[in-house]
Structure formats: C-alpha cells, structure tokens
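K.L.:
Here it is: the structure, laid out below.
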Amino acid sequence: MSLSVLFFVLVAGVSLAAAVGVVVSRQPVHSALFLLTNFAMLAVLYVTLAAQFLAAVQVIVYAGGIVVLILFVIMLIGGDTNDFVAPQRSWTRVTALGLGILLLAGLLYSFAQRLQPLPPNPEDLVQGGVPQAVGTALFTRFILPFEVVAFLLLVALIGALILGRPPTSDDPEAALLQQDSTGR
Amino acid sequence: MDWLNLLVYPAVRVLVLFFVLLTGFAYLTWYERKLLARFQVRYGPNRAGRFGLLQPLADAIKALFKEEIVPDHVDRPVYLLAPALAIVPALIIWAVIPVAKDFPAVADVPIGILWILAVAGIEGYGVILAGWSSNNNYSLLGALRSSAQMISYELPLGIFLVSILVLAGTFSLVELVEMSRPWWEWLWLWLVFPLFFICILAETNRSPFDLPETENELVAGFQTEYGGMKFALFFMAEYINMITTSAIMATLFFGGWKGPFADQYVWLGPVYLFIKVVALLFLFIWVRASVSRPRWDQLMRFSWQFLLPVSLMHLMGSAVFTVFLK
C-alpha cells in the first residue's frame, strides 16, 4: 500500500468515525464538534486532490461560519439536553431506517451513474480546484446557476429581515403578542 | 521521495517559528505592562532582572508550577480541548506570511489569503467551547458574546481582504508583497486601514472589544474556570494572535519585509518586518490604554450599520479602480 493510499484511509477513517459520532452522541455540542471534525477531514481530502480552493472554502464556510452558528444557537437555547431528544413513538425507528436506506440507495445510484474510467490525462482534472479555474467556470459556464443562487440567498436575507423586524403598533395581532410578552 | 525537502526543512522552519513566536509572546507581555505603566505614569515591572526583563520568565514558572485543577461540573473533554483549540490557529496562521525575499515562513501556497480567512474563521472555537464547557453562566455569556462578535466582525474583515485581493490580483502573499503597487493604491488601502484595524481588534478580543472577558460584569468571562497552564494557554493565544495579526497587517498594508536594501541583503527582511510588527503592537497597546469599552449593542451596531456598508463600498471602489486604472 502506497503512502498516499494509507493517508487517504486514515483521513477517511477519521471522517467516517466523526460522522458516526455526530449521530450517536447525546450532547448536541459534542455532535457539532464531531461535525466540525468531519468537515475538517473533508478539507484535507480536497487538499490531497490538489483542490486547495475548495479546501479553503470548505473551512471558511462550514467550519468558520455554519458550525459557529450551530454552536451559537445550541448555547442560546440552553444546555438542557432533553430539549433535543425527539419524542419516541413506536414507528420512529422503522421510519428512520426506511428513509435512511432510501437515501443511501439514492446516493449509491447517482454515484454508480457517474462512475467512469479515468480520462487519459488525469492532470487536467486535478487543475479544477485552483482559484482561477473555479472563478472562470463560475462566471462563464455556470453564470446562470450562480446568479440564481445569489438571488435565492437575497430572498432568504430579506425574509430573515422581515421576520426579525419589531412588530408595528397598527398590526392588531402583533400588538396582542407584545401585550402577552409584557405580561399584561 | 525527497524526505529532506518534504519533511525536514519544513519541520525545522516550524520549530524556529514556534520558538520565535513563543519568545515574542513572553516579551510582548513585558512590553505591554511597561507601556501601560508609562501611559498611566507608573514604572511597571522593574524588580525581576534589569528593567524587569526577567518578569516573563518568572510568570512562566509560576504558571507551570500551579496545581492543575479541573472542576467537577465541567464537560471534561471539551474543557481540556478548548485551550488547545485556542492556541493552534494563532500559530498555524503564520505558515503563509513572507518573512524575507522569496521566503515564506513555511510554505508559499496559491491560496495564502484564503488560508488566513480560513484560520481566522476557526480561531473563535477555543473561546466559544471554553465558555460552554465551563458550565458557568458568566463563562457562557462570555462565549455567546464572543461568537456573535466574531461572526459580525469577520464579515467586514473578509470583505476588506477581498478588496485587497481584487487590487492585487493574486492569492499568494509572497507575490502580494513583491509586486510594485502604484501610489494611489497605497493611498486607497491606507484609507481603510483604521477600519481594518478595528475589525482586527474585535477578532482578537482585544480591548476595547474585550467584552467576552469583561472583568467588571462577567468575572473573567470565558476563562473564569481556567487556571494554571490552561489559563496561560488562553493568554498565549491572545498575545500570539496580536503578533500574528500585526504581521498580517504589516504584510497587507505596509509592504511586509520590504524596506531600503531589503532586496540586496535578505537578512534585512525579517528586521523590517520585526520593526513594523512592533510598531503595530504599540498601536494595540496604545488603544488599550486610551479607549474605553463600548456597550454591547454599540459594538454590534457599529459592525452591521457602519463597517459592513463601508467595506462593501470600498470593495466596489477597488473593483472600479482595478478595471480602469490597472
């Protein structure tokens, strides 16, 4: 076994172990930390594929942004773990298992569809992860999806803004809510 | 396989770097105490050694020989992990900073600026996890403040970095320092340097943005339950972060290792970088000695309603300049 394969097996093993940890740990903060480990390992895998840009973005967006927000929300809601335990019903486990198998089958199917032999010169593929290549692809070939995603994010932003706005006094329902919160 | 180039040289560079940074940290505490004393018309440490120069050594010995206490009510694995998570990013961010001509601290990667953004993004975990795992309300409040502050100030910081990136046209810090910039570009950059510096103050939790550890309302914030060497690690992380961010600012805004004759004599590069870093550290301490702490809502409002729009406008301006003048 060559060194690079050994390295891959190590990183992939840690990544999988972290993924299992996300699901099985009872403490939500521990789950978030396992998720962080998983993302970091994914970034390492990107680096081994010479996709440094993807690795950096993976760390910036997921480790630096999303998991921090997850932790923030968990801490804001409180450390009482009972809040996070889903109510146990008799059919919960069966449904979860069924949906999980469905997801796995879907992933395997799409993976098998894309499974092709390596092109004659794999070096060309490897060039895809440097910043210049990503930028060029994003702003020429994939400009429409890029703009659609930007628009979607803008809509989400405006939605959050409207939800977070303090209620105006001429809205009867909001006025009622405000009364409730002040205890009158 | 070329073991010497792959493992041995980088390892030696890393060891030298860590030695310099840790020594720098020790004497930065001395520098800060001396300067603060001068600002407040006192003497500062002057008993251990000449001018108190042995004071950092005495402090280190004290921290090392303190009893290691892990309180019963903490979340043990996370509690022990947090100080390590605080100090590691502060050290590894140095890898891409050029210290002399054609000589980055460890490696010249094509994503240097992104590396800085990425490591800055994970810098907050130490503080956040320390606050949460301590299982103490003061600590938790400190951690909450820290995470909100980090997320808020990372945005304008990142956009200022993008602005520099657009002007430079390269992700590599080594190339960024070596390229010659026109005079208007320097002016355009220095225009926003004060705002960038404010973002850095918030990111490093330095006074006046030290709300995560305000001693008069939160005891010691996120580090209330830590003592001995574990507390010292947080302390180290904060001060090494100061050194690191000063080096980054010197690299981005003031030409890094560049200076008269630095091209001919390579050893002058680190000297110039050192002088610039010390000057910026003086600025950190000067601000601490003179500016009072803002209220929590003022801090957030300043970031979202002033810094973010200004950084976006600066980015637009940079893009226009790059298209029409370069």
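Quick note on naming: the chains in the structure tokens go A, B, ... in the order shown, residues restart at 1 in each chain, and ligands are numbered from 1 in order of appearance.
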Write out as a ChimeraX atom specification the residues lying within 12 Å of Gly269 in chain B, counting only C-alpha atoms and excluding same-chain residues fewer than 5 positions away.

P.N.:
/B:98-105,177-178,251,255-264,274-276

K.L.:
Tell me the residues of chain A close to chain B, meaning within 9 Å using only C-alpha atoms, as a list of chain:residue names.

P.N.:
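Interface list for chain A against chain B: A:Val29, A:His30, A:Gln52, A:Phe53, A:Ala56, A:Val57, A:Gln58, A:Val59, A:Ile60, A:Val61, A:Ala63, A:Gly64, A:Gly65, A:Val68, A:Leu69, A:Leu71, A:Phe72, A:Met75, A:Leu76, A:Gly79, A:Val130, A:Pro131.
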
K.L.:
Considering only C-alpha atoms, state which residue in the set A:Leu97, A:Leu42, A:Ala133, A:Leu3 is at the smallest distance from Ala18 in chain A.

P.N.:
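Among the listed residues, A:Leu42 lies closest to Ala18 in chain A.
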
K.L.:
I'd like the neighbourhood of Val106 in chain B as a ChimeraX atom specification, where a residue qualifies if any of its atoms comes within 8 Å (using only C-alpha atoms), though same-chain residues fewer than 4 positions away should be ignored.

P.N.:
/B:10,13-14,94-96

K.L.:
Skipping near chain neighbours, those fewer than 4 positions away, what residues fall within 9 Å of Ser292 in chain B using only C-alpha atoms, listed as a list in words?

P.N.:
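The residues that qualify are Ser207, Pro208, Val287 and Arg288 of chain B.
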
K.L.:
From the set B:Gly317, B:Pro89, B:Gly169, B:Gly142, which residue has the shortest atom-to-atom contact distance to Ala220 in chain B, counting only C-alpha atoms?

P.N.:
B:Gly142

K.L.:
B:Tyr265, B:Phe234, B:Tyr153, B:Phe282: which is nearest Leu81 in chain B, counting only C-alpha atoms?

P.N.:
B:Phe234

K.L.:
With only C-alpha atoms as the counted atoms, please give the residues lying no more than 8 Å from Leu36 in chain A, apart from itself and same-chain residues fewer than 4 positions off, as a CSV table (one decimal) with N, CA and C atoms, in the first residue's frame.

P.N.:
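Wrote selection.csv, looks like this:
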```csv
chain,number,residue,atom,x,y,z
A,32,ALA,N,-21.9,18.7,17.3
A,32,ALA,CA,-21.5,19.8,16.5
A,32,ALA,C,-19.9,19.7,16.3
A,40,ALA,N,-13.4,19.2,8.6
A,40,ALA,CA,-12.0,19.5,8.5
A,40,ALA,C,-11.4,18.3,7.7
A,62,TYR,N,-18.0,26.3,6.2
A,62,TYR,CA,-18.6,25.3,7.1
A,62,TYR,C,-18.0,25.4,8.5
A,63,ALA,N,-16.7,25.4,8.6
A,63,ALA,CA,-16.1,25.4,9.9
A,63,ALA,C,-16.2,26.8,10.5
A,67,VAL,N,-20.8,26.0,11.5
A,67,VAL,CA,-20.8,25.3,12.8
A,67,VAL,C,-20.7,26.3,14.0
```

K.L.:
Near Phe196 in chain B, counting only C-alpha atoms, which residues have an atom at most 12 Å away, once you skip same-chain residues fewer than 6 positions from it, shown as a list in words?

P.N.:
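Using only C-alpha atoms, the neighbours found are Tyr153, Glu154, Leu155, Pro156, Leu157, Gly158, Ile159, Phe160, Leu161, Ser163, Ile164, Leu189, Trp190, Ala202, Glu203, Thr245, Ser246, Ile248, Met249, Ala250, Leu252, Phe253, Ser303, Leu307, Leu308, Val310, Ser311 and His314 of chain B.
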
K.L.:
Would you mind telling me which residue in A:Leu107, A:Leu10, A:Ala17, A:Val134 lies nearest to Asn38 in chain A when using only C-alpha atoms?

P.N.:
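Closest to Asn38 in chain A, using only C-alpha atoms: A:Ala17.
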